[in-house]
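Chemist: Have a look at this one.
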Amino acid sequence: MPQPLISLKDVCVHIGAKVALHDVTLDLVPGEIVTIVGPNGSGKSTLLRTLVGAIKPTGGTITKAPNLRIGYVPQKLHIDPTLPLTVRRFLSLPRRVTDAVAAKALTDAGAGDLAKRQMTALSGGQFQRVLLARALLNNPHILILDEATQGLDQPGSADFYAQIEQVRQQFGCAVLMVSHELHVVMAASDRVICLNGHICCEGAPETVASAPEYRALFGSGTHGALALYRHQHSHTHDESCAHEHTHDHDQSHDDASHDAIAHEEHP
Ligand SMILES: Nc1ncnc2c1ncn2[C@@H]1O[C@H](COP(=O)(O)OP(=O)(O)OP(=O)(O)O)[C@@H](O)[C@H]1O
């Protein structure tokens, strides 16, 4: 087993009086793709924010490999439509990068021809690729994506995940992503983790895909619309663990907070 890039042991996060995460133990090893699923408010974004260092855990330990570089692709980033901002200039925020570095990142993200375009004129898929390019600027060991295909149609999402796989191969980086599109990310994921304040269950995607509950709900192809992911948990540690996932995620996240995370990746 390779040395983990990042290791969480019994991590707890309190936000005010609320327990957002408790007893989360998780290792991420080089090159693996891990997908996190869970219902609204189950702590997925909190976990990602904790991993990138934007939130300090109130309990447990986080161990990171020395000089670990993390690239972060936020769920959404709001850009004022009246603000003229080319893709090239965007990639130099907050830290200036050379034309060569920007061009390579755009190419690696499948957005090689977008440098001169206005950010506000990009399609959803193009925009996410530019965010991916930004995350690749520091040649990350881990790429973290928070519902990065939000708002993309199914072919657009599938294309984006194919790009992620290509990036993984090229960079050899680990990928940790939150996604409700289990049917699309399934093939690419080495491991699926179900979160509901704590890790309810996890396993290889085939294990999840072959579960009768999964097949009944999703079918075995990739074209069915994903409406519900339901599973039963064998343990009764936490009643809230037995849940239904509607995955009709509320997208009311504060964009500024995502931007704050994006800045975290450049310490
Ligand atoms: N800034 C905050 N202030 C107060 N409570 C918060 C804050 N951020 C998160 N929480 C709470 O922590 C819990 C976990 O939230 P989090 O956003 O991590 O869940 P999530 O699984 O990412 O949700 P979603 O699927 O809706 O994006 C929720 O109960 C949420 O209300």
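Order determines the names: the first chain of the structure tokens is A, the second B, and so forth; residues in each chain are numbered 1 upward, and ligands are numbered 1 upward as they are shown.
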Report as JSON lines: every residue of chain A with an atom at most 6 Å from ligand 1, its closest pair of atoms, and their distance in Å to one decimal, counting only C-alpha atoms and all ligand atoms, with rows sorted by chain and ascending residue number.
Modeler:
```
{"residue": "A:Ile15", "atom": "CA", "partner": "ligand 1", "partner_atom_place_in_ligand_line": "5 (N)", "distance": 5.5}
{"residue": "A:Ala20", "atom": "CA", "partner": "ligand 1", "partner_atom_place_in_ligand_line": "12 (O)", "distance": 4.4}
{"residue": "A:Pro39", "atom": "CA", "partner": "ligand 1", "partner_atom_place_in_ligand_line": "25 (O)", "distance": 5.6}
{"residue": "A:Asn40", "atom": "CA", "partner": "ligand 1", "partner_atom_place_in_ligand_line": "25 (O)", "distance": 3.4}
{"residue": "A:Gly41", "atom": "CA", "partner": "ligand 1", "partner_atom_place_in_ligand_line": "19 (O)", "distance": 3.4}
{"residue": "A:Ser42", "atom": "CA", "partner": "ligand 1", "partner_atom_place_in_ligand_line": "21 (O)", "distance": 3.7}
{"residue": "A:Gly43", "atom": "CA", "partner": "ligand 1", "partner_atom_place_in_ligand_line": "18 (O)", "distance": 3.2}
{"residue": "A:Lys44", "atom": "CA", "partner": "ligand 1", "partner_atom_place_in_ligand_line": "21 (O)", "distance": 3.8}
{"residue": "A:Ser45", "atom": "CA", "partner": "ligand 1", "partner_atom_place_in_ligand_line": "22 (O)", "distance": 3.7}
{"residue": "A:Thr46", "atom": "CA", "partner": "ligand 1", "partner_atom_place_in_ligand_line": "18 (O)", "distance": 3.6}
{"residue": "A:His249", "atom": "CA", "partner": "ligand 1", "partner_atom_place_in_ligand_line": "25 (O)", "distance": 5.2}
{"residue": "A:Asp250", "atom": "CA", "partner": "ligand 1", "partner_atom_place_in_ligand_line": "26 (O)", "distance": 5.1}
```
Chemist: Need to verify the contact set: A:Lys56, 8 Å, only C-alpha atoms, exclusion of same-chain residues closer than 3 positions in sequence. Can you return it as a ChimeraX atom specification?
Modeler: /A:13,50,53
Chemist: Can those selected residues be exported to a file as a compact mmCIF listing (two decimals), in the first residue's frame so that it contains N, CA and C atoms?
Modeler:
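Below is the file that was written, result-v3.txt:
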```txt
# COMPACT_ATOMS: atom_id res chain seq x y z
N VAL A 13 -15.67 18.02 12.93
CA VAL A 13 -15.77 19.45 12.66
C VAL A 13 -17.08 19.96 13.24
N THR A 50 -12.20 21.11 4.78
CA THR A 50 -11.27 20.68 5.83
C THR A 50 -9.99 20.14 5.19
N GLY A 53 -7.74 22.81 4.02
CA GLY A 53 -7.23 23.65 5.09
C GLY A 53 -8.04 24.90 5.36
```
Chemist: Could you check which of A:Val29, A:Ala109, A:Leu91, A:Leu21 is closest to A:Gln166, using only C-alpha atoms?
Modeler: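 Smallest distance to A:Gln166 is found for A:Ala109.
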Chemist: Give me, as number ranges by chain, all polymer residues having an atom no more than 9 Å from A:Lys104, counting only C-alpha atoms and skipping those fewer than 6 positions away in the same chain.
Modeler: A: 112, 133, 137
Chemist: Which residue is closest to A:Val24? Choose from A:Arg89, A:Asp113, A:Pro205, A:Ile199 and count only C-alpha atoms.
Modeler: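 The answer is A:Ile199, which sits nearest to A:Val24.
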Chemist: Between A:Arg88, A:Arg168, A:His14, A:Arg95, single out the one closest to A:Leu114, counting only C-alpha atoms.
Modeler: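 Of A:Arg88, A:Arg168, A:His14, A:Arg95, the one nearest A:Leu114, counting only C-alpha atoms, is A:Arg88.
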Chemist: As a compact mmCIF listing (two decimals) with C-alpha atoms, in the first residue's frame, please: the residues near A:Gln75 (cut-off 6 Å, only C-alpha atoms, same-chain neighbours under 3 positions excluded).
Modeler:
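Everything below was put into selection_28.txt:
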```
# COMPACT_ATOMS: atom_id res chain seq x y z
CA ASP A 146 -16.83 19.91 -5.45
CA GLU A 147 -19.77 19.04 -7.71
CA ALA A 148 -17.74 20.40 -10.57
```
Chemist: What's around A:Gln3 at 10 Å? Count only C-alpha atoms, leave out sequence neighbours fewer than 4 positions away in its own chain, and write the answer as a PyMOL selection string.
Modeler: chain A and resi 7+27-30+65
Chemist: Residues as selected, N, CA and C atoms, written as a short mmCIF file (atom, residue, chain, number, x, y, z; two decimals), in the first residue's frame, can you do that?
Modeler:
```cif
data_model
loop_
_atom_site.label_atom_id
_atom_site.label_comp_id
_atom_site.auth_asym_id
_atom_site.auth_seq_id
_atom_site.Cartn_x
_atom_site.Cartn_y
_atom_site.Cartn_z
N SER A 7 -4.18 11.84 5.22
CA SER A 7 -4.75 10.85 6.10
C SER A 7 -5.58 11.54 7.18
N ASP A 27 -8.04 7.67 4.15
CA ASP A 27 -6.72 7.82 3.52
C ASP A 27 -6.92 8.04 2.03
N LEU A 28 -6.11 8.92 1.47
CA LEU A 28 -6.13 9.10 0.02
C LEU A 28 -4.73 8.79 -0.50
N VAL A 29 -4.63 7.82 -1.40
CA VAL A 29 -3.30 7.40 -1.88
C VAL A 29 -3.08 7.93 -3.30
N PRO A 30 -1.82 8.02 -3.71
CA PRO A 30 -1.53 8.61 -5.02
C PRO A 30 -2.27 7.91 -6.16
N ALA A 65 1.20 14.53 3.38
CA ALA A 65 2.55 14.27 2.90
C ALA A 65 3.30 15.60 2.82
#
```
Chemist: Which of stretch 48-156 of chain A counts as strand (DSSP E or B) under DSSP, as a PDB file with N, CA and C atoms, in the first residue's frame please?
Modeler:
```
ATOM      1  N   GLY A  59     -11.578  18.126  16.173  1.00  0.00           N
ATOM      2  CA  GLY A  59     -11.100  16.903  16.802  1.00  0.00           C
ATOM      3  C   GLY A  59     -10.443  16.015  15.768  1.00  0.00           C
ATOM      4  N   GLY A  60      -9.630  15.081  16.220  1.00  0.00           N
ATOM      5  CA  GLY A  60      -8.971  14.146  15.306  1.00  0.00           C
ATOM      6  C   GLY A  60      -7.714  14.753  14.706  1.00  0.00           C
ATOM      7  N   THR A  61      -7.115  14.007  13.793  1.00  0.00           N
ATOM      8  CA  THR A  61      -5.862  14.476  13.204  1.00  0.00           C
ATOM      9  C   THR A  61      -5.894  14.361  11.685  1.00  0.00           C
ATOM     10  N   ILE A  62      -5.199  15.296  11.051  1.00  0.00           N
ATOM     11  CA  ILE A  62      -5.010  15.253   9.593  1.00  0.00           C
ATOM     12  C   ILE A  62      -3.511  15.233   9.339  1.00  0.00           C
ATOM     13  N   THR A  63      -3.063  14.233   8.605  1.00  0.00           N
ATOM     14  CA  THR A  63      -1.643  14.141   8.284  1.00  0.00           C
ATOM     15  C   THR A  63      -1.492  14.275   6.772  1.00  0.00           C
ATOM     16  N   LYS A  64      -0.655  15.218   6.365  1.00  0.00           N
ATOM     17  CA  LYS A  64      -0.440  15.423   4.923  1.00  0.00           C
ATOM     18  C   LYS A  64       1.000  15.076   4.569  1.00  0.00           C
ATOM     19  N   ILE A  70      -2.315  20.756  -3.484  1.00  0.00           N
ATOM     20  CA  ILE A  70      -3.712  20.418  -3.740  1.00  0.00           C
ATOM     21  C   ILE A  70      -4.287  21.403  -4.753  1.00  0.00           C
ATOM     22  N   GLY A  71      -4.960  20.884  -5.758  1.00  0.00           N
ATOM     23  CA  GLY A  71      -5.670  21.736  -6.716  1.00  0.00           C
ATOM     24  C   GLY A  71      -7.157  21.612  -6.443  1.00  0.00           C
ATOM     25  N   TYR A  72      -7.848  22.731  -6.436  1.00  0.00           N
ATOM     26  CA  TYR A  72      -9.258  22.708  -6.061  1.00  0.00           C
ATOM     27  C   TYR A  72     -10.132  23.273  -7.177  1.00  0.00           C
ATOM     28  N   VAL A  73     -11.160  22.517  -7.543  1.00  0.00           N
ATOM     29  CA  VAL A  73     -12.139  22.988  -8.537  1.00  0.00           C
ATOM     30  C   VAL A  73     -13.461  23.206  -7.811  1.00  0.00           C
ATOM     31  N   THR A  86     -10.588  38.298 -19.136  1.00  0.00           N
ATOM     32  CA  THR A  86     -10.298  37.190 -20.053  1.00  0.00           C
ATOM     33  C   THR A  86      -9.875  35.962 -19.243  1.00  0.00           C
ATOM     34  N   GLN A 118     -13.646  35.957 -23.060  1.00  0.00           N
ATOM     35  CA  GLN A 118     -14.133  36.554 -21.822  1.00  0.00           C
ATOM     36  C   GLN A 118     -14.716  35.454 -20.929  1.00  0.00           C
ATOM     37  N   ILE A 142      -2.996  16.204  -5.505  1.00  0.00           N
ATOM     38  CA  ILE A 142      -4.406  15.839  -5.334  1.00  0.00           C
ATOM     39  C   ILE A 142      -5.271  16.898  -6.012  1.00  0.00           C
ATOM     40  N   LEU A 143      -6.238  16.436  -6.760  1.00  0.00           N
ATOM     41  CA  LEU A 143      -7.214  17.327  -7.370  1.00  0.00           C
ATOM     42  C   LEU A 143      -8.533  17.110  -6.619  1.00  0.00           C
ATOM     43  N   ILE A 144      -9.080  18.194  -6.099  1.00  0.00           N
ATOM     44  CA  ILE A 144     -10.328  18.094  -5.336  1.00  0.00           C
ATOM     45  C   ILE A 144     -11.413  18.855  -6.084  1.00  0.00           C
ATOM     46  N   LEU A 145     -12.523  18.175  -6.342  1.00  0.00           N
ATOM     47  CA  LEU A 145     -13.604  18.801  -7.116  1.00  0.00           C
ATOM     48  C   LEU A 145     -14.918  18.721  -6.343  1.00  0.00           C
ATOM     49  N   ASP A 146     -15.568  19.866  -6.191  1.00  0.00           N
ATOM     50  CA  ASP A 146     -16.828  19.914  -5.454  1.00  0.00           C
ATOM     51  C   ASP A 146     -17.990  20.078  -6.439  1.00  0.00           C
TER      52      ASP A 146
END
```
